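K.L.:
The structure file model_36.pdb (PDB, C-alpha atoms, pLDDT in the B column) is provided below.
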ATOM      1  CA  MET A   1     -14.298  70.193-130.856  1.00 69.00           C
ATOM      2  CA  GLU A   2     -12.388  69.174-127.762  1.00 84.00           C
ATOM      3  CA  LYS A   3      -8.751  70.239-127.560  1.00 84.00           C
ATOM      4  CA  LEU A   4      -5.954  67.689-127.391  1.00 85.00           C
ATOM      5  CA  ASN A   5      -3.892  67.630-124.208  1.00 90.00           C
ATOM      6  CA  LEU A   6      -0.247  67.212-125.220  1.00 91.00           C
ATOM      7  CA  ALA A   7       3.077  67.053-123.416  1.00 91.00           C
ATOM      8  CA  PHE A   8       6.537  67.625-124.830  1.00 92.00           C
ATOM      9  CA  LYS A   9       9.982  67.372-123.281  1.00 92.00           C
ATOM     10  CA  MET A  10      12.615  69.731-124.640  1.00 93.00           C
ATOM     11  CA  CYS A  11      16.306  69.911-123.695  1.00 93.00           C
ATOM     12  CA  VAL A  12      18.314  73.134-123.877  1.00 95.00           C
ATOM     13  CA  PHE A  13      22.071  72.572-123.912  1.00 94.00           C
ATOM     14  CA  GLY A  14      25.348  74.276-124.805  1.00 94.00           C
ATOM     15  CA  ASP A  15      28.452  75.729-123.183  1.00 94.00           C
ATOM     16  CA  SER A  16      28.344  77.325-119.755  1.00 91.00           C
ATOM     17  CA  GLY A  17      27.546  81.037-119.778  1.00 92.00           C
ATOM     18  CA  VAL A  18      25.831  81.201-123.192  1.00 95.00           C
ATOM     19  CA  GLY A  19      22.505  82.268-121.662  1.00 93.00           C
ATOM     20  CA  LYS A  20      20.416  79.092-121.556  1.00 92.00           C
ATOM     21  CA  SER A  21      18.825  79.819-118.180  1.00 91.00           C
ATOM     22  CA  THR A  22      18.126  83.467-118.971  1.00 93.00           C
ATOM     23  CA  LEU A  23      16.520  82.449-122.284  1.00 95.00           C
ATOM     24  CA  ILE A  24      14.195  79.977-120.578  1.00 94.00           C
ATOM     25  CA  ASN A  25      13.451  82.412-117.759  1.00 92.00           C
ATOM     26  CA  ARG A  26      12.638  85.158-120.293  1.00 94.00           C
ATOM     27  CA  TYR A  27      10.267  82.834-122.149  1.00 96.00           C
ATOM     28  CA  ILE A  28       8.456  81.652-119.034  1.00 93.00           C
ATOM     29  CA  THR A  29       8.272  84.934-117.095  1.00 92.00           C
ATOM     30  CA  ALA A  30       8.680  87.558-119.876  1.00 90.00           C
ATOM     31  CA  LYS A  31      11.385  89.139-117.685  1.00 89.00           C
ATOM     32  CA  PHE A  32      15.159  89.390-117.860  1.00 84.00           C
ATOM     33  CA  ASP A  33      17.029  88.396-114.712  1.00 77.00           C
ATOM     34  CA  ARG A  34      20.723  89.202-114.934  1.00 75.00           C
ATOM     35  CA  ASP A  35      21.348  87.632-111.517  1.00 71.00           C
ATOM     36  CA  LEU A  36      20.450  84.020-112.344  1.00 67.00           C
ATOM     37  CA  LYS A  37      22.917  81.550-110.862  1.00 68.00           C
ATOM     38  CA  SER A  38      24.660  78.881-112.938  1.00 67.00           C
ATOM     39  CA  THR A  39      22.663  75.702-113.341  1.00 68.00           C
ATOM     40  CA  ILE A  40      23.937  72.701-111.407  1.00 65.00           C
ATOM     41  CA  GLY A  41      23.128  69.481-113.269  1.00 63.00           C
ATOM     42  CA  ALA A  42      19.768  70.430-114.763  1.00 71.00           C
ATOM     43  CA  ASP A  43      16.717  72.497-113.951  1.00 82.00           C
ATOM     44  CA  ILE A  44      13.267  71.517-115.155  1.00 89.00           C
ATOM     45  CA  LEU A  45      10.780  74.277-115.889  1.00 92.00           C
ATOM     46  CA  MET A  46       7.221  74.138-117.211  1.00 94.00           C
ATOM     47  CA  LYS A  47       5.288  76.289-119.635  1.00 95.00           C
ATOM     48  CA  PHE A  48       1.633  75.768-120.488  1.00 95.00           C
ATOM     49  CA  ILE A  49       0.546  76.865-123.945  1.00 92.00           C
ATOM     50  CA  GLU A  50      -2.878  76.882-125.514  1.00 90.00           C
ATOM     51  CA  THR A  51      -3.444  76.813-129.272  1.00 85.00           C
ATOM     52  CA  ASP A  52      -6.640  76.584-131.274  1.00 84.00           C
ATOM     53  CA  SER A  53      -6.516  72.803-131.204  1.00 83.00           C
ATOM     54  CA  ALA A  54      -4.378  71.840-128.190  1.00 86.00           C
ATOM     55  CA  ARG A  55      -3.348  72.458-124.620  1.00 91.00           C
ATOM     56  CA  ILE A  56       0.392  71.896-124.428  1.00 92.00           C
ATOM     57  CA  LYS A  57       2.540  71.187-121.399  1.00 94.00           C
ATOM     58  CA  LEU A  58       6.119  72.032-122.369  1.00 94.00           C
ATOM     59  CA  GLN A  59       8.683  70.571-119.984  1.00 95.00           C
ATOM     60  CA  ILE A  60      11.962  72.443-120.545  1.00 95.00           C
ATOM     61  CA  TRP A  61      15.157  70.814-119.298  1.00 92.00           C
ATOM     62  CA  ASP A  62      17.881  73.416-118.760  1.00 90.00           C
ATOM     63  CA  PHE A  63      21.122  71.448-118.854  1.00 88.00           C
ATOM     64  CA  ALA A  64      24.254  72.803-117.139  1.00 81.00           C
ATOM     65  CA  GLY A  65      27.063  73.681-119.535  1.00 75.00           C
ATOM     66  CA  GLU A  66      29.976  72.869-117.274  1.00 76.00           C
ATOM     67  CA  SER A  67      32.074  69.943-118.498  1.00 76.00           C
ATOM     68  CA  ARG A  68      31.744  68.107-115.167  1.00 74.00           C
ATOM     69  CA  PHE A  69      28.042  67.532-115.976  1.00 76.00           C
ATOM     70  CA  ASN A  70      28.498  66.355-119.608  1.00 77.00           C
ATOM     71  CA  SER A  71      28.165  62.677-118.714  1.00 79.00           C
ATOM     72  CA  LEU A  72      24.612  63.349-117.476  1.00 81.00           C
ATOM     73  CA  LEU A  73      23.291  64.793-120.748  1.00 84.00           C
ATOM     74  CA  PRO A  74      22.559  61.455-122.480  1.00 85.00           C
ATOM     75  CA  SER A  75      20.314  60.452-119.559  1.00 86.00           C
ATOM     76  CA  TYR A  76      18.508  63.791-119.645  1.00 85.00           C
ATOM     77  CA  ALA A  77      18.098  63.580-123.435  1.00 88.00           C
ATOM     78  CA  GLN A  78      16.052  60.371-123.207  1.00 87.00           C
ATOM     79  CA  GLY A  79      12.448  60.929-124.187  1.00 87.00           C
ATOM     80  CA  SER A  80      13.058  64.387-125.641  1.00 89.00           C
ATOM     81  CA  SER A  81      10.647  65.630-128.266  1.00 90.00           C
ATOM     82  CA  ALA A  82      12.787  68.628-129.265  1.00 92.00           C
ATOM     83  CA  ALA A  83      16.003  70.436-128.388  1.00 92.00           C
ATOM     84  CA  ILE A  84      17.765  73.762-128.485  1.00 94.00           C
ATOM     85  CA  PHE A  85      21.527  73.953-128.851  1.00 94.00           C
ATOM     86  CA  MET A  86      22.504  77.403-127.633  1.00 95.00           C
ATOM     87  CA  CYS A  87      25.642  79.373-128.358  1.00 95.00           C
ATOM     88  CA  ASP A  88      26.711  82.949-127.596  1.00 95.00           C
ATOM     89  CA  ILE A  89      27.308  85.184-130.629  1.00 94.00           C
ATOM     90  CA  THR A  90      30.165  86.875-128.731  1.00 95.00           C
ATOM     91  CA  ASN A  91      31.963  83.574-127.991  1.00 95.00           C
ATOM     92  CA  ARG A  92      33.232  81.723-131.080  1.00 92.00           C
ATOM     93  CA  ASP A  93      34.123  78.594-129.065  1.00 91.00           C
ATOM     94  CA  SER A  94      30.492  78.191-128.021  1.00 92.00           C
ATOM     95  CA  ILE A  95      29.461  77.449-131.619  1.00 90.00           C
ATOM     96  CA  THR A  96      32.538  75.442-132.582  1.00 87.00           C
ATOM     97  CA  ASN A  97      31.719  73.065-129.697  1.00 89.00           C
ATOM     98  CA  ILE A  98      28.455  72.063-131.424  1.00 88.00           C
ATOM     99  CA  ASP A  99      29.747  68.655-132.561  1.00 87.00           C
ATOM    100  CA  LYS A 100      30.772  67.672-129.026  1.00 90.00           C
ATOM    101  CA  TRP A 101      27.375  68.688-127.660  1.00 90.00           C
ATOM    102  CA  LEU A 102      25.364  67.014-130.421  1.00 88.00           C
ATOM    103  CA  LEU A 103      27.301  63.767-130.063  1.00 87.00           C
ATOM    104  CA  THR A 104      26.683  63.707-126.307  1.00 88.00           C
ATOM    105  CA  PHE A 105      23.002  64.646-126.680  1.00 88.00           C
ATOM    106  CA  ASN A 106      22.406  62.028-129.390  1.00 86.00           C
ATOM    107  CA  GLU A 107      23.889  59.259-127.197  1.00 86.00           C
ATOM    108  CA  GLY A 108      20.757  59.352-125.069  1.00 83.00           C
ATOM    109  CA  LEU A 109      18.254  60.427-127.655  1.00 79.00           C
ATOM    110  CA  ASN A 110      17.917  57.109-129.508  1.00 70.00           C
ATOM    111  CA  ASN A 111      16.280  59.044-132.325  1.00 62.00           C
ATOM    112  CA  GLN A 112      17.971  59.393-135.668  1.00 64.00           C
ATOM    113  CA  ASP A 113      14.927  61.036-137.267  1.00 65.00           C
ATOM    114  CA  PRO A 114      16.203  63.798-139.585  1.00 62.00           C
ATOM    115  CA  LYS A 115      13.034  65.760-138.760  1.00 72.00           C
ATOM    116  CA  PHE A 116      13.747  65.793-135.013  1.00 82.00           C
ATOM    117  CA  PRO A 117      13.097  69.420-134.014  1.00 87.00           C
ATOM    118  CA  LEU A 118      16.456  70.870-133.026  1.00 88.00           C
ATOM    119  CA  ILE A 119      17.135  74.577-133.391  1.00 91.00           C
ATOM    120  CA  VAL A 120      20.534  76.209-133.033  1.00 92.00           C
ATOM    121  CA  VAL A 121      20.179  79.492-131.153  1.00 95.00           C
ATOM    122  CA  GLY A 122      22.666  82.343-131.090  1.00 94.00           C
ATOM    123  CA  GLY A 123      22.069  84.209-127.865  1.00 95.00           C
ATOM    124  CA  LYS A 124      23.045  87.663-126.642  1.00 95.00           C
ATOM    125  CA  LEU A 125      21.931  89.423-129.817  1.00 95.00           C
ATOM    126  CA  ASP A 126      21.872  92.655-127.797  1.00 95.00           C
ATOM    127  CA  LEU A 127      25.699  92.417-127.854  1.00 95.00           C
ATOM    128  CA  GLU A 128      25.843  92.551-131.681  1.00 93.00           C
ATOM    129  CA  ASP A 129      28.804  94.957-131.556  1.00 95.00           C
ATOM    130  CA  HIS A 130      30.883  92.210-129.898  1.00 96.00           C
ATOM    131  CA  ARG A 131      29.964  89.427-132.352  1.00 94.00           C
ATOM    132  CA  SER A 132      32.729  86.823-132.840  1.00 93.00           C
ATOM    133  CA  PHE A 133      31.237  84.929-135.812  1.00 87.00           C
ATOM    134  CA  ASN A 134      29.194  86.048-138.776  1.00 84.00           C
ATOM    135  CA  TRP A 135      26.021  84.760-140.395  1.00 80.00           C
ATOM    136  CA  GLU A 136      27.919  82.872-143.132  1.00 83.00           C
ATOM    137  CA  ASP A 137      29.907  80.958-140.497  1.00 83.00           C
ATOM    138  CA  ILE A 138      26.759  79.791-138.748  1.00 81.00           C
ATOM    139  CA  VAL A 139      24.958  78.852-141.964  1.00 78.00           C
ATOM    140  CA  ALA A 140      27.946  76.690-142.962  1.00 79.00           C
ATOM    141  CA  ILE A 141      28.042  75.018-139.532  1.00 78.00           C
ATOM    142  CA  CYS A 142      24.297  74.307-139.471  1.00 75.00           C
ATOM    143  CA  THR A 143      24.108  73.089-143.076  1.00 72.00           C
ATOM    144  CA  VAL A 144      26.902  70.551-142.608  1.00 70.00           C
ATOM    145  CA  ARG A 145      25.204  69.143-139.517  1.00 66.00           C
ATOM    146  CA  LYS A 146      21.689  68.277-140.800  1.00 68.00           C
ATOM    147  CA  ASN A 147      20.401  71.613-142.041  1.00 63.00           C
ATOM    148  CA  PHE A 148      19.412  72.812-138.593  1.00 78.00           C
ATOM    149  CA  ASP A 149      17.356  75.945-138.299  1.00 86.00           C
ATOM    150  CA  TYR A 150      19.205  78.880-136.758  1.00 89.00           C
ATOM    151  CA  ILE A 151      17.802  81.898-134.968  1.00 93.00           C
ATOM    152  CA  GLU A 152      19.398  84.667-132.963  1.00 94.00           C
ATOM    153  CA  CYS A 153      17.728  86.201-129.945  1.00 96.00           C
ATOM    154  CA  SER A 154      18.270  88.361-126.904  1.00 96.00           C
ATOM    155  CA  SER A 155      17.030  87.342-123.492  1.00 94.00           C
ATOM    156  CA  LYS A 156      17.789  90.860-122.301  1.00 94.00           C
ATOM    157  CA  THR A 157      15.555  92.661-124.837  1.00 96.00           C
ATOM    158  CA  GLY A 158      13.248  89.729-125.563  1.00 96.00           C
ATOM    159  CA  GLU A 159      13.955  89.949-129.303  1.00 97.00           C
ATOM    160  CA  ASN A 160      12.967  86.687-131.065  1.00 97.00           C
ATOM    161  CA  VAL A 161      12.496  84.725-127.803  1.00 97.00           C
ATOM    162  CA  ASP A 162       8.783  84.068-128.344  1.00 96.00           C
ATOM    163  CA  LEU A 163       9.428  83.488-132.064  1.00 96.00           C
ATOM    164  CA  LEU A 164      11.996  80.809-131.187  1.00 96.00           C
ATOM    165  CA  PHE A 165       9.654  78.882-128.918  1.00 96.00           C
ATOM    166  CA  GLN A 166       6.709  79.340-131.286  1.00 93.00           C
ATOM    167  CA  SER A 167       8.844  77.790-134.020  1.00 93.00           C
ATOM    168  CA  ILE A 168       9.702  74.826-131.764  1.00 92.00           C
ATOM    169  CA  ILE A 169       6.022  74.329-130.872  1.00 91.00           C
ATOM    170  CA  GLU A 170       5.059  74.358-134.559  1.00 88.00           C
ATOM    171  CA  LYS A 171       7.746  71.781-135.344  1.00 87.00           C
ATOM    172  CA  LEU A 172       6.588  69.625-132.436  1.00 86.00           C
ATOM    173  CA  LEU A 173       2.997  69.680-133.627  1.00 84.00           C
ATOM    174  CA  VAL A 174       4.074  68.614-137.114  1.00 80.00           C
ATOM    175  CA  TYR A 175       6.958  66.195-136.402  1.00 69.00           C
ATOM    176  CA  GLY A 176       7.266  65.855-132.667  1.00 55.00           C
ATOM    177  CA  ASN A 177       7.132  62.923-130.343  1.00 56.00           C
ATOM    178  CA  ILE A 178       3.612  63.640-129.070  1.00 56.00           C
ATOM    179  CA  GLN A 179       2.515  62.359-125.697  1.00 53.00           C
ATOM    180  CA  LEU A 180      -1.192  62.619-124.992  1.00 50.00           C
ATOM    181  CA  LEU A 181      -2.055  63.600-121.451  1.00 51.00           C
ATOM    182  CA  THR A 182      -4.990  62.059-119.687  1.00 45.00           C
ATOM    183  CA  GLN A 183      -7.265  64.291-117.662  1.00 43.00           C
TER     184      GLN A 183
END
Please lay out the structure from this file as structure tokens.
P.N.:
Amino acid sequence: MEKLNLAFKMCVFGDSGVGKSTLINRYITAKFDRDLKSTIGADILMKFIETDSARIKLQIWDFAGESRFNSLLPSYAQGSSAAIFMCDITNRDSITNIDKWLLTFNEGLNNQDPKFPLIVVGGKLDLEDHRSFNWEDIVAICTVRKNFDYIECSSKTGENVDLLFQSIIEKLLVYGNIQLLTQ
């Protein structure tokens, strides 16, 4: 049986400094780069994945977290098949800003589907000793906002990074906005 050729666009957004770029870099290269520079506007990175039934082109939009770029997020959100909202487990403000980020992201999404694959990610798990919010806090925040899935990971150690993206891919294959690629 011939494999499907699929393409998905995914946005990664959240406050500046939470580790969005290092997460994406870790996923794509399997390496941790502590010297990545802050994103200006957005970076677009690609990952090609092969499953038993499909070849997937994952276009990952790394959105800058600085407030001066917030007005651009709705434009970048257009056509997204999935999203990651990222916070830093050592920075309480980064999770409490979720409503602001979701409102801005949803302005451009034009998709009110409750099954839209969005995962809330707590980054910097390797800094567990400096945690500023606990598991109960995050469960309450995610439940109130549409029962989002939540996962914690570390770009530095690689813990749960592949699991996170595997989960997104599975959600995309079940619920996602699939775009078939032509050869």
K.L.:
In Å, with one decimal, what is the gap from CA of Leu163 (chain A) to CA of Tyr150 (chain A)?
P.N.:
11.8 Å
K.L.:
As a ChimeraX atom specification, please: the residues near region 124-139 of chain A (cut-off 6 Å, only C-alpha atoms, same-chain neighbours under 5 positions excluded).
P.N.:
/A:89-92,153-154
K.L.:
With all atoms listed in the file as the atoms that count, which of A:Phe13, A:Phe8, A:Phe32, A:Phe165 lies nearest to Ile84 (chain A)?
P.N.:
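Closest residue, counting all atoms listed in the file: A:Phe13.
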K.L.:
Determine the nearest neighbour of Lys3 (chain A) from the options A:Asn160, A:Gln166, A:Thr22, A:Ser53, counting all atoms listed in the file.
P.N.:
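Ranking A:Asn160, A:Gln166, A:Thr22, A:Ser53 by distance to Lys3 (chain A), first place goes to A:Ser53.
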K.L.:
If we count all atoms listed in the file and set the cut-off at 8 Å, which residues sit around Ile56 (chain A), ignoring sequence neighbours fewer than 6 positions away in its own chain? Please answer as a count of residues only.
P.N.:
7
K.L.:
Given only C-alpha atoms as the basis, pick out the residue of A:Arg55, A:Thr157, A:Trp61, A:Asn25 nearest to Ala42 (chain A).
P.N.:
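Distance minimum relative to Ala42 (chain A) lands on A:Trp61.
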K.L.:
Enter the distance from CA of Val161 (chain A) to CA of Val144 (chain A), in Å, rounded to one decimal.
P.N.:
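Pair CA of Val161 (chain A) / CA of Val144 (chain A) returns 25.1 Å.
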K.L.:
As an exercise, work out the distance from CA of Ser75 (chain A) to CA of Ile98 (chain A) in Å and give it to one decimal place.
P.N.:
18.5 Å
K.L.:
Nearest to Ala140 (chain A): which of A:Lys9, A:Leu109, A:Ile95, A:Ala30 is it, counting all atoms listed in the file?
P.N.:
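Nearest to Ala140 (chain A): A:Ile95.
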K.L.:
Which is closest to Glu107 (chain A) among A:Met86, A:Ser81, A:Ser167, A:Leu72, if we use all atoms listed in the file?
P.N.:
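Selected residue with least distance to Glu107 (chain A): A:Leu72.
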K.L.:
Which residue, A:Phe116, A:Ile24, A:Leu73, A:Gln78, has the smallest gap to Leu58 (chain A) when you use all atoms listed in the file?
P.N.:
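Closest candidate: A:Ile24.
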K.L.:
Might I get the box with edges along x, y and z of the file that holds all atoms of region 63-66 of chain A listed there, padded by 4 Å on every side, given as centre and edge lengths in Å to one decimal, as JSON?
P.N.:
{"center_x": 25.5, "center_y": 72.6, "center_z": -118.3, "size_x": 16.9, "size_y": 10.2, "size_z": 10.4}
K.L.:
List the spatial neighbours of Asp162 (chain A) as a ChimeraX atom specification - criterion: any atom at most 10 Å away, all atoms listed in the file, same-chain residues fewer than 6 positions off excluded.
P.N.:
/A:23,26-28,30,153,168
K.L.:
Under the PyMOL selection byres ((chain A and resi 122) around 6), which residues of this model are included? Write them out as a PDB file with C-alpha atoms, in the frame of the given file.
P.N.:
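Output below, filename part.pdb:
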ATOM      1  CA  CYS A  87      25.642  79.373-128.358  1.00 95.00           C
ATOM      2  CA  ASP A  88      26.711  82.949-127.596  1.00 95.00           C
ATOM      3  CA  ILE A  89      27.308  85.184-130.629  1.00 94.00           C
ATOM      4  CA  VAL A 121      20.179  79.492-131.153  1.00 95.00           C
ATOM      5  CA  GLY A 123      22.069  84.209-127.865  1.00 95.00           C
ATOM      6  CA  GLU A 152      19.398  84.667-132.963  1.00 94.00           C
TER       7      GLU A 152
END
K.L.:
Kindly complete region 2-19 of chain A to N, CA and C atoms; the output should be written as a tab-separated table (two decimals), in the frame of the given file.
P.N.:
chain	number	residue	atom	x	y	z
A	2	GLU	N	-13.21	69.20	-128.96
A	2	GLU	CA	-12.39	69.17	-127.76
A	2	GLU	C	-10.91	69.29	-128.12
A	3	LYS	N	-10.17	70.05	-127.32
A	3	LYS	CA	-8.75	70.24	-127.56
A	3	LYS	C	-7.95	69.03	-127.09
A	4	LEU	N	-6.88	68.74	-127.81
A	4	LEU	CA	-5.95	67.69	-127.39
A	4	LEU	C	-5.12	68.20	-126.22
A	5	ASN	N	-4.82	67.32	-125.30
A	5	ASN	CA	-3.89	67.63	-124.21
A	5	ASN	C	-2.58	66.93	-124.53
A	6	LEU	N	-1.53	67.74	-124.78
A	6	LEU	CA	-0.25	67.21	-125.22
A	6	LEU	C	0.86	67.58	-124.24
A	7	ALA	N	1.89	66.76	-124.23
A	7	ALA	CA	3.08	67.05	-123.42
A	7	ALA	C	4.32	66.83	-124.26
A	8	PHE	N	5.27	67.74	-124.13
A	8	PHE	CA	6.54	67.62	-124.83
A	8	PHE	C	7.67	67.89	-123.86
A	9	LYS	N	8.75	67.14	-124.03
A	9	LYS	CA	9.98	67.37	-123.28
A	9	LYS	C	11.00	67.98	-124.24
A	10	MET	N	11.62	69.07	-123.81
A	10	MET	CA	12.62	69.73	-124.64
A	10	MET	C	13.87	69.99	-123.81
A	11	CYS	N	15.03	69.64	-124.35
A	11	CYS	CA	16.31	69.91	-123.70
A	11	CYS	C	16.95	71.15	-124.30
A	12	VAL	N	17.54	71.97	-123.45
A	12	VAL	CA	18.31	73.13	-123.88
A	12	VAL	C	19.74	72.91	-123.37
A	13	PHE	N	20.70	72.87	-124.30
A	13	PHE	CA	22.07	72.57	-123.91
A	13	PHE	C	23.06	73.42	-124.70
A	14	GLY	N	24.28	73.49	-124.20
A	14	GLY	CA	25.35	74.28	-124.80
A	14	GLY	C	26.35	74.65	-123.72
A	15	ASP	N	27.39	75.35	-124.12
A	15	ASP	CA	28.45	75.73	-123.18
A	15	ASP	C	27.92	76.54	-122.01
A	16	SER	N	28.66	76.53	-120.94
A	16	SER	CA	28.34	77.32	-119.76
A	16	SER	C	28.44	78.81	-120.10
A	17	GLY	N	27.49	79.59	-119.60
A	17	GLY	CA	27.55	81.04	-119.78
A	17	GLY	C	26.97	81.58	-121.07
A	18	VAL	N	26.37	80.71	-121.91
A	18	VAL	CA	25.83	81.20	-123.19
A	18	VAL	C	24.45	81.84	-123.04
A	19	GLY	N	23.79	81.63	-121.90
A	19	GLY	CA	22.50	82.27	-121.66
A	19	GLY	C	21.30	81.35	-121.72
